[in-house]
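Raw contents of start-v2.txt, compact mmCIF, C-alpha atoms and all ligand atoms:
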```
# COMPACT_ATOMS: atom_id res chain seq x y z
CA MET Y 1 2.76 5.80 -7.36
CA ALA Y 2 0.73 2.87 -6.09
CA PRO Y 3 -0.96 1.00 -7.70
CA ASP Y 4 0.84 1.53 -11.04
CA ALA Y 5 4.31 0.85 -9.59
CA GLY Y 6 3.25 -2.51 -8.14
CA ASN Y 7 1.27 -3.48 -11.23
CA SER Y 8 4.31 -2.73 -13.40
CA GLU Y 9 6.38 -5.04 -11.20
CA ILE Y 10 3.94 -7.96 -11.54
CA LEU Y 11 3.63 -7.46 -15.29
CA TRP Y 12 7.40 -7.30 -15.61
CA HIS Y 13 7.93 -10.51 -13.63
CA ALA Y 14 4.91 -12.57 -14.68
CA GLY Y 15 3.52 -11.02 -17.87
CA THR Y 16 3.70 -12.77 -21.24
CA PRO Y 17 5.45 -10.83 -24.06
CA GLU Y 18 2.00 -9.87 -25.38
CA GLN Y 19 0.79 -8.68 -21.92
CA LYS Y 20 3.97 -6.63 -21.59
CA ARG Y 21 3.43 -5.05 -24.99
CA LYS Y 22 -0.25 -4.32 -24.42
CA TYR Y 23 -0.26 -3.27 -20.75
CA LEU Y 24 3.24 -2.76 -19.32
CA LEU Y 25 4.72 -0.53 -22.02
CA PRO Y 26 1.92 2.09 -22.05
CA LEU Y 27 1.82 1.93 -18.24
CA VAL Y 28 5.51 2.70 -17.74
CA ASN Y 29 5.32 5.32 -20.50
CA GLY Y 30 2.67 7.06 -18.40
CA ASP Y 31 0.11 6.83 -21.23
CA ILE Y 32 -2.43 4.86 -19.18
CA ARG Y 33 -3.24 4.15 -15.51
CA SER Y 34 -4.19 0.88 -13.85
CA CYS Y 35 -5.71 -0.45 -10.65
CA PHE Y 36 -5.39 -3.49 -8.41
CA ALA Y 37 -8.39 -5.32 -6.97
CA MET Y 38 -7.96 -7.66 -4.06
CA THR Y 39 -9.92 -6.25 -1.10
CA GLU Y 40 -13.66 -6.94 -0.76
CA PRO Y 41 -16.23 -5.32 1.52
CA GLU Y 42 -17.77 -8.60 2.73
CA VAL Y 43 -14.63 -10.34 4.08
CA SER Y 44 -11.50 -9.39 6.02
CA GLY Y 45 -8.75 -8.05 3.77
CA SER Y 46 -6.29 -9.21 6.44
CA ASP Y 47 -7.12 -12.82 5.56
CA PRO Y 48 -7.26 -12.88 1.76
CA THR Y 49 -7.73 -16.68 1.67
CA THR Y 50 -11.42 -15.89 2.36
CA LEU Y 51 -11.96 -13.66 -0.69
CA LEU Y 52 -15.26 -14.38 -2.46
CA ALA Y 53 -14.32 -13.39 -6.05
CA ARG Y 54 -14.67 -16.28 -8.47
CA ALA Y 55 -13.33 -17.00 -11.98
CA GLU Y 56 -14.91 -19.89 -13.88
CA LYS Y 57 -13.57 -21.43 -17.06
CA ASP Y 58 -16.01 -21.34 -19.98
CA GLY Y 59 -14.54 -22.69 -23.19
CA ASN Y 60 -11.43 -20.65 -23.88
CA ASP Y 61 -12.60 -17.79 -21.67
CA TRP Y 62 -12.73 -17.00 -17.98
CA VAL Y 63 -15.85 -15.48 -16.48
CA ILE Y 64 -15.21 -13.34 -13.42
CA ASN Y 65 -17.74 -12.35 -10.77
CA ALA Y 66 -16.50 -10.22 -7.92
CA HIS Y 67 -17.33 -7.33 -5.64
CA LYS Y 68 -14.22 -5.31 -4.76
CA TRP Y 69 -13.64 -2.06 -2.95
CA PHE Y 70 -10.78 0.28 -2.14
CA THR Y 71 -9.58 -0.21 -5.69
CA THR Y 72 -7.24 2.78 -5.77
CA GLY Y 73 -7.19 4.68 -9.05
CA ALA Y 74 -10.14 2.71 -10.50
CA ILE Y 75 -11.84 5.67 -12.17
CA GLY Y 76 -10.09 6.30 -15.47
CA ALA Y 77 -7.86 3.22 -15.20
CA SER Y 78 -7.43 1.30 -18.46
CA PHE Y 79 -7.26 -2.08 -16.78
CA SER Y 80 -7.54 -3.79 -13.44
CA ILE Y 81 -5.50 -6.67 -12.06
CA VAL Y 82 -8.04 -8.80 -10.22
CA MET Y 83 -7.54 -11.57 -7.69
CA ALA Y 84 -10.22 -14.30 -8.00
CA ALA Y 85 -10.54 -17.95 -6.93
CA THR Y 86 -10.06 -20.44 -9.74
CA ASP Y 87 -10.00 -23.52 -7.49
CA PRO Y 88 -11.94 -22.55 -4.35
CA ASP Y 89 -11.79 -26.05 -2.84
CA THR Y 90 -8.04 -26.61 -3.00
CA LEU Y 91 -5.36 -25.56 -0.46
CA PRO Y 92 -5.92 -21.93 0.63
CA HIS Y 93 -2.74 -20.57 -0.94
CA GLU Y 94 -3.40 -22.27 -4.28
CA ARG Y 95 -7.02 -21.17 -4.66
CA PHE Y 96 -6.48 -17.83 -6.36
CA SER Y 97 -5.24 -16.56 -9.69
CA MET Y 98 -4.74 -13.10 -11.13
CA PHE Y 99 -6.41 -11.72 -14.21
CA ILE Y 100 -6.15 -8.61 -16.32
CA VAL Y 101 -9.59 -7.10 -16.92
CA ASP Y 102 -9.88 -4.21 -19.39
CA ALA Y 103 -11.91 -1.33 -18.00
CA ASP Y 104 -14.04 -1.26 -21.16
CA ASN Y 105 -15.27 -4.81 -20.43
CA PRO Y 106 -19.09 -4.52 -20.29
CA GLY Y 107 -19.13 -6.28 -16.87
CA PHE Y 108 -16.68 -3.81 -15.26
CA ASP Y 109 -19.03 -1.65 -13.22
CA ILE Y 110 -17.76 1.18 -11.01
CA VAL Y 111 -20.44 1.45 -8.31
CA ARG Y 112 -19.02 4.60 -6.70
CA GLU Y 113 -15.97 6.51 -5.66
CA ILE Y 114 -15.66 5.94 -1.92
CA ALA Y 115 -15.41 9.19 0.03
CA LEU Y 116 -12.62 8.92 2.59
CA MET Y 117 -10.26 10.78 4.90
CA GLY Y 118 -7.47 12.50 2.96
CA ASP Y 119 -7.40 14.45 -0.26
CA HIS Y 120 -8.71 13.26 -3.61
CA TYR Y 121 -6.45 10.73 -5.24
CA THR Y 122 -6.28 10.58 -9.05
CA GLY Y 123 -8.85 7.96 -10.00
CA GLY Y 124 -10.23 7.85 -6.45
CA HIS Y 125 -10.81 4.67 -4.46
CA GLY Y 126 -13.47 2.66 -6.23
CA GLU Y 127 -16.12 0.17 -5.24
CA VAL Y 128 -16.29 -2.03 -8.32
CA ARG Y 129 -18.46 -4.94 -9.37
CA TYR Y 130 -17.28 -7.45 -11.95
CA ILE Y 131 -20.48 -8.85 -13.40
CA ASP Y 132 -19.95 -11.87 -15.62
CA CYS Y 133 -16.75 -10.30 -16.94
CA ARG Y 134 -15.77 -12.54 -19.82
CA ILE Y 135 -12.07 -12.40 -20.61
CA PRO Y 136 -9.84 -14.52 -22.88
CA ALA Y 137 -7.62 -17.18 -21.30
CA GLU Y 138 -4.50 -15.20 -22.28
CA ASN Y 139 -5.51 -12.51 -19.77
CA MET Y 140 -4.58 -14.73 -16.86
CA LEU Y 141 -1.46 -13.30 -15.24
CA GLY Y 142 1.08 -15.97 -14.33
CA ASN Y 143 -0.19 -19.50 -13.81
CA ARG Y 144 -3.42 -20.83 -12.35
CA GLY Y 145 -3.19 -20.87 -8.53
CA GLU Y 146 -0.30 -18.40 -8.39
CA GLY Y 147 -2.37 -15.44 -7.14
CA PHE Y 148 -0.75 -15.24 -3.71
CA LYS Y 149 2.74 -15.75 -5.06
CA LEU Y 150 2.23 -12.84 -7.47
CA ALA Y 151 0.60 -10.69 -4.79
CA GLN Y 152 3.70 -11.13 -2.64
CA LEU Y 153 5.90 -10.16 -5.57
CA ARG Y 154 3.96 -6.93 -5.82
CA LEU Y 155 3.42 -6.10 -2.17
CA GLY Y 156 7.04 -6.45 -1.02
CA PRO Y 157 8.58 -3.72 -3.19
CA GLY Y 158 5.30 -1.76 -2.95
CA ARG Y 159 5.70 -1.46 0.82
CA ILE Y 160 9.26 -0.21 0.40
CA THR Y 161 8.11 2.53 -1.98
CA HIS Y 162 5.37 3.47 0.50
CA ALA Y 163 8.03 3.78 3.21
CA MET Y 164 10.17 5.93 0.88
CA ARG Y 165 7.27 8.31 0.25
CA TRP Y 166 6.46 8.47 3.98
CA ILE Y 167 10.03 9.47 4.78
CA GLY Y 168 9.72 12.29 2.23
CA VAL Y 169 6.50 13.57 3.84
CA ALA Y 170 7.92 13.20 7.36
CA LYS Y 171 11.07 15.10 6.34
CA ARG Y 172 9.02 17.93 4.79
CA SER Y 173 6.92 18.16 7.98
CA PHE Y 174 10.11 18.12 10.06
CA ASP Y 175 11.64 20.95 8.01
CA LEU Y 176 8.50 23.04 8.47
CA MET Y 177 8.55 22.33 12.21
CA VAL Y 178 12.21 23.31 12.68
CA ASP Y 179 11.86 26.40 10.50
CA HIS Y 180 8.81 27.57 12.43
CA SER Y 181 10.48 26.93 15.79
CA LEU Y 182 13.36 29.20 14.73
CA ARG Y 183 11.00 32.04 13.72
CA ARG Y 184 8.21 32.04 16.30
CA GLU Y 185 8.87 33.77 19.62
CA THR Y 186 6.99 33.48 22.89
CA ARG Y 187 7.89 34.85 26.32
CA GLY Y 188 10.90 36.59 24.77
CA LYS Y 189 12.46 33.42 23.35
CA LYS Y 190 12.33 31.45 20.12
CA LEU Y 191 10.28 28.25 20.35
CA ALA Y 192 13.50 26.39 19.45
CA GLU Y 193 15.02 27.49 22.77
CA PHE Y 194 12.43 25.59 24.83
CA GLN Y 195 13.55 22.11 25.76
CA THR Y 196 10.11 20.58 25.12
CA ILE Y 197 10.32 21.76 21.53
CA GLN Y 198 13.93 20.55 21.29
CA ASN Y 199 12.72 17.11 22.42
CA MET Y 200 10.18 17.07 19.61
CA ILE Y 201 12.92 18.00 17.13
CA ALA Y 202 15.34 15.39 18.51
CA ASP Y 203 12.74 12.60 18.58
CA SER Y 204 11.60 13.39 15.03
CA ALA Y 205 15.16 13.58 13.65
CA THR Y 206 16.01 10.26 15.28
CA GLU Y 207 12.86 8.47 14.15
CA ILE Y 208 13.19 9.70 10.54
CA GLU Y 209 16.82 8.56 10.47
CA ALA Y 210 15.86 5.14 11.87
CA ALA Y 211 13.05 4.75 9.32
CA ARG Y 212 15.37 5.81 6.50
CA LEU Y 213 18.08 3.29 7.45
CA MET Y 214 15.53 0.50 8.03
CA THR Y 215 14.05 1.16 4.58
CA LEU Y 216 17.48 1.12 2.95
CA TYR Y 217 18.30 -2.12 4.76
CA ALA Y 218 15.07 -3.83 3.65
CA ALA Y 219 15.69 -2.71 0.05
CA TRP Y 220 19.30 -3.91 0.23
CA LYS Y 221 18.19 -7.32 1.54
CA MET Y 222 15.74 -7.63 -1.36
CA ASP Y 223 18.54 -6.77 -3.77
CA GLN Y 224 20.49 -9.72 -2.32
CA GLY Y 225 17.63 -12.02 -3.38
CA ASP Y 226 16.11 -12.30 0.10
CA GLN Y 227 12.32 -11.84 0.44
CA ALA Y 228 13.07 -9.63 3.49
CA ARG Y 229 9.57 -10.28 4.86
CA LYS Y 230 10.50 -9.39 8.44
CA GLU Y 231 12.32 -6.19 7.44
CA ILE Y 232 9.51 -5.11 5.11
CA SER Y 233 6.88 -5.66 7.80
CA MET Y 234 9.05 -3.78 10.31
CA ILE Y 235 9.30 -0.73 8.09
CA LYS Y 236 5.60 -0.92 7.15
CA PHE Y 237 4.29 -0.42 10.69
CA PHE Y 238 7.25 1.52 12.09
CA GLY Y 239 7.37 3.89 9.11
CA ALA Y 240 3.63 4.56 9.27
CA LYS Y 241 3.94 5.47 12.97
CA VAL Y 242 6.93 7.74 12.40
CA LEU Y 243 4.98 9.49 9.66
CA GLN Y 244 1.98 10.12 11.88
CA ASP Y 245 4.02 11.15 14.93
CA VAL Y 246 6.26 13.60 13.06
CA ILE Y 247 3.34 15.32 11.31
CA ASP Y 248 1.49 15.51 14.63
CA ARG Y 249 4.46 17.22 16.35
CA ALA Y 250 4.92 19.61 13.43
CA ILE Y 251 1.25 20.63 13.72
CA GLN Y 252 1.63 21.13 17.48
CA VAL Y 253 4.67 23.40 17.05
CA HIS Y 254 2.72 25.52 14.54
CA GLY Y 255 -0.11 26.11 17.02
CA ALA Y 256 -3.40 27.14 15.39
CA LEU Y 257 -1.58 27.71 12.10
CA GLY Y 258 -0.85 23.95 12.04
CA ILE Y 259 -4.48 22.99 11.58
CA THR Y 260 -5.17 25.55 8.85
CA ALA Y 261 -4.78 24.77 5.19
CA ASP Y 262 -2.12 27.56 5.01
CA THR Y 263 0.54 24.86 5.41
CA PRO Y 264 0.48 21.34 3.88
CA LEU Y 265 0.51 19.78 7.36
CA GLU Y 266 -3.23 19.28 7.85
CA GLY Y 267 -3.46 17.51 4.48
CA PHE Y 268 -0.48 15.32 5.37
CA TYR Y 269 -2.15 14.47 8.70
CA ARG Y 270 -5.42 13.32 7.12
CA GLU Y 271 -3.57 11.37 4.46
CA ALA Y 272 -1.21 9.67 6.93
CA ARG Y 273 -3.90 7.88 8.91
CA SER Y 274 -4.59 5.29 6.25
CA ALA Y 275 -0.90 4.28 6.09
CA ARG Y 276 -1.53 2.13 9.17
CA ILE Y 277 -4.20 0.17 7.27
CA TYR Y 278 -3.42 -0.14 3.54
CA ASP Y 279 -1.11 -2.89 2.30
CA GLY Y 280 -1.66 -4.67 5.60
CA ALA Y 281 -2.84 -3.29 8.93
CA ASP Y 282 -0.20 -2.62 11.63
CA GLU Y 283 -1.39 -5.64 13.60
CA VAL Y 284 -0.82 -8.01 10.69
CA HIS Y 285 2.73 -6.73 10.11
CA ARG Y 286 3.50 -7.00 13.83
CA MET Y 287 2.25 -10.59 13.65
CA VAL Y 288 4.63 -11.34 10.74
CA VAL Y 289 7.59 -9.86 12.63
CA ALA Y 290 6.73 -11.68 15.86
CA LYS Y 291 6.29 -15.01 14.06
CA GLN Y 292 9.70 -14.72 12.42
CA VAL Y 293 11.41 -13.66 15.63
CA LEU Y 294 9.81 -16.51 17.59
CA LYS Y 295 10.69 -19.03 14.88
CA ALA Y 296 14.33 -17.94 14.83
CA PHE Y 297 14.46 -17.99 18.62
CA GLN Y 298 13.15 -21.53 18.79
CA ILE Y 299 15.58 -23.02 16.26
CA GLY Y 300 18.08 -25.15 18.09
CA ARG Y 301 16.20 -25.18 21.38
C1 LIG J 1 -6.27 4.36 1.26
C2 LIG J 1 -6.39 2.89 0.98
C3 LIG J 1 -6.07 2.39 -0.28
C4 LIG J 1 -6.23 1.02 -0.56
N1 LIG J 1 -5.97 0.57 -1.83
C5 LIG J 1 -6.22 -0.72 -2.15
C6 LIG J 1 -6.09 -1.18 -3.50
O1 LIG J 1 -5.71 -0.44 -4.42
N2 LIG J 1 -6.43 -2.48 -3.77
C7 LIG J 1 -6.85 -3.35 -2.81
O2 LIG J 1 -7.12 -4.51 -3.13
N3 LIG J 1 -6.97 -2.95 -1.51
C8 LIG J 1 -6.70 -1.65 -1.16
N4 LIG J 1 -6.87 -1.21 0.14
C9 LIG J 1 -7.40 -2.14 1.14
C10 LIG J 1 -6.39 -2.54 2.22
O3 LIG J 1 -5.34 -3.29 1.72
C11 LIG J 1 -7.22 -3.26 3.32
O4 LIG J 1 -8.03 -2.26 3.90
C12 LIG J 1 -6.34 -3.92 4.37
O5 LIG J 1 -5.73 -5.08 3.86
C13 LIG J 1 -7.16 -4.31 5.61
O6 LIG J 1 -8.28 -5.07 5.25
P1 LIG J 1 -9.75 -4.66 5.80
O7 LIG J 1 -9.96 -3.22 5.53
O8 LIG J 1 -10.71 -5.63 5.23
O9 LIG J 1 -9.66 -4.79 7.37
P2 LIG J 1 -9.90 -6.13 8.23
O10 LIG J 1 -9.13 -7.26 7.68
O11 LIG J 1 -11.37 -6.29 8.40
O12 LIG J 1 -9.23 -5.71 9.61
C14 LIG J 1 -9.83 -4.74 10.47
C15 LIG J 1 -8.91 -4.48 11.63
O13 LIG J 1 -8.80 -5.69 12.39
C16 LIG J 1 -7.53 -5.76 12.99
N5 LIG J 1 -6.86 -7.01 12.60
C17 LIG J 1 -6.90 -7.64 11.40
N6 LIG J 1 -6.14 -8.74 11.41
C18 LIG J 1 -5.60 -8.82 12.64
C19 LIG J 1 -4.73 -9.75 13.28
N7 LIG J 1 -4.22 -10.81 12.64
N8 LIG J 1 -4.38 -9.50 14.58
C20 LIG J 1 -4.88 -8.44 15.24
N9 LIG J 1 -5.71 -7.54 14.68
C21 LIG J 1 -6.07 -7.73 13.40
C22 LIG J 1 -6.74 -4.53 12.54
O14 LIG J 1 -6.84 -3.50 13.50
C23 LIG J 1 -7.46 -4.12 11.27
O15 LIG J 1 -7.29 -2.74 10.95
C24 LIG J 1 -6.69 0.14 0.46
C25 LIG J 1 -6.97 0.64 1.73
C26 LIG J 1 -6.84 1.99 2.00
C27 LIG J 1 -7.18 2.50 3.37
```
Starting from the file, give its structure as structure tokens.
Ligand SMILES: Cc1cc2nc3c(=O)[nH]c(=O)nc-3n(C[C@H](O)[C@H](O)[C@H](O)COP(=O)(O)OP(=O)(O)OC[C@H]3O[C@@H](n4cnc5c(N)ncnc54)[C@H](O)[C@@H]3O)c2cc1C
Amino acid sequence: MAPDAGNSEILWHAGTPEQKRKYLLPLVNGDIRSCFAMTEPEVSGSDPTTLLARAEKDGNDWVINAHKWFTTGAIGASFSIVMAATDPDTLPHERFSMFIVDADNPGFDIVREIALMGDHYTGGHGEVRYIDCRIPAENMLGNRGEGFKLAQLRLGPGRITHAMRWIGVAKRSFDLMVDHSLRRETRGKKLAEFQTIQNMIADSATEIEAARLMTLYAAWKMDQGDQARKEISMIKFFGAKVLQDVIDRAIQVHGALGITADTPLEGFYREARSARIYDGADEVHRMVVAKQVLKAFQIGR
């Protein structure tokens, strides 16, 4: 699950042998959990060049001061991967670096678990302050100024695994919808015999298939060594919409039963809403797709 999957990827690609031994091995063994801290309450997460977190060099240590929120899995995590500015006055994409902060650092202060729509997630979503967190230089992940490069390394595959999970939830909702439509009768006919219901089934089957093939294609492109930024952004906002629409139709077909907790649908519905926001809001991913399309269109004009 996020954020451990993404953190494992960064540690695998950018971690030193010692960081891999200390953090990656127990993480992939499932012995510990981790969290990832980029987003801050005071500035727009959609423009991370404006993040306020700072890391200052002091002798052989770094001292981190930051206020982060929506740190998924923070409570009970053994360490956090934190994005903080090391050179705030240089070019925007070279300002930030990543650091590993142990959760038992005296400056690691979980302010609260944020209450939000959807069911409780292991470790919650934390608001966390890093107050003069002193960490040794060897806890920098990758090189100074590589924060955005590493974030990209993590977010690309992370969005594909989100899309994979969404397809699973959409398919489960779809199965419940079809099954119910074949059981429930009204006006002497099964729900499945009404064309309106058939349209819902056909649209959902088609959209799930499209999302599945788009996800496979994005993953395949990444396997070929391509960053697949356009394809990943496409599946991020398209997949999140398919998820929401399919669950919504499944609830509708169940009638009042659909909004009870007697089926998993109402939980899926509450959970699905945030998919259009985390790891980049829909609008930002549409912007990425449009930019790439426009660029390609203009080449050779
Ligand atoms: C459930 C959940 C888990 C999360 N987990 C983590 C985590 O573990 N670690 C972490 O660091 N962060 C996490 N986040 C934070 C998430 O990545 C940010 O919420 C996201 O990047 C958006 O940033 P923001 O909330 O600051 O919204 P803002 O950047 O303030 O954007 C607000 C809204 O403005 C609009 N908007 C923004 N940019 C544009 C644009 N270019 N064009 C048009 N409209 C635009 C969109 O509608 C957007 O929703 C999580 C969020 C959620 C909901």
- prompt: If you count only C-alpha atoms, which residues fall within 12 Å of Ile110 of chain Y, apart from same-chain ones fewer than 3 positions away, as a ChimeraX atom specification?
  reply: /Y:66-77,80,103-107,113-114,123-131
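Residues lying within 9 Å of His254 of chain Y, counting only C-alpha atoms and ignoring same-chain neighbours fewer than 5 positions away, are Y:Leu176, Y:Met177, Y:His180, Y:Ser181, Y:Arg184, Y:Arg249, Y:Ile259.
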message: Around ligand LIG 1 (chain J), which protein and nucleic acid residues have at least one atom no more than 7 Å from it, if we count all atoms listed in the file? List them as a list of chain:residue names.
response: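 The distance check yields Y:Pro3, Y:Cys35, Y:Phe36, Y:Ala37, Y:Met38, Y:Thr39, Y:Glu40, Y:Pro41, Y:Val43, Y:Ser44, Y:Gly45, Y:Ser46, Y:Asp47, Y:Trp69, Y:Phe70, Y:Thr71, Y:Thr72, Y:His125, Y:Ser274, Y:Ile277, Y:Tyr278, Y:Asp279, Y:Gly280, Y:Ala281, Y:Asp282, Y:Glu283, Y:Val284, Y:Met287.
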message: Restricting the calculation to all atoms listed in the file: of Y:Leu52, Y:Cys133, Y:Ala151, Y:Met83, which residue gets closest to Glu9 of chain Y?
response: Y:Ala151
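In terms of minimum interatomic distance to Met234 of chain Y, Y:Ala163 ranks closest within Y:Met140, Y:Ala163, Y:Val101, Y:Ala115, counting only C-alpha atoms.
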- prompt: What separation in Å, quoted to one decimal, exists between atom CA of Gly59 of chain Y and atom CA of Val111 of chain Y?
  reply: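 Straight-line distance from atom CA of Gly59 of chain Y to atom CA of Val111 of chain Y works out to 29.0 Å.
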- prompt: Which one is closest to Val253 of chain Y: Y:Asp226, Y:Asp132, Y:Asp175, Y:Asp109? Count all atoms listed in the file.
  reply: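 Ranking Y:Asp226, Y:Asp132, Y:Asp175, Y:Asp109 by distance to Val253 of chain Y, first place goes to Y:Asp175.
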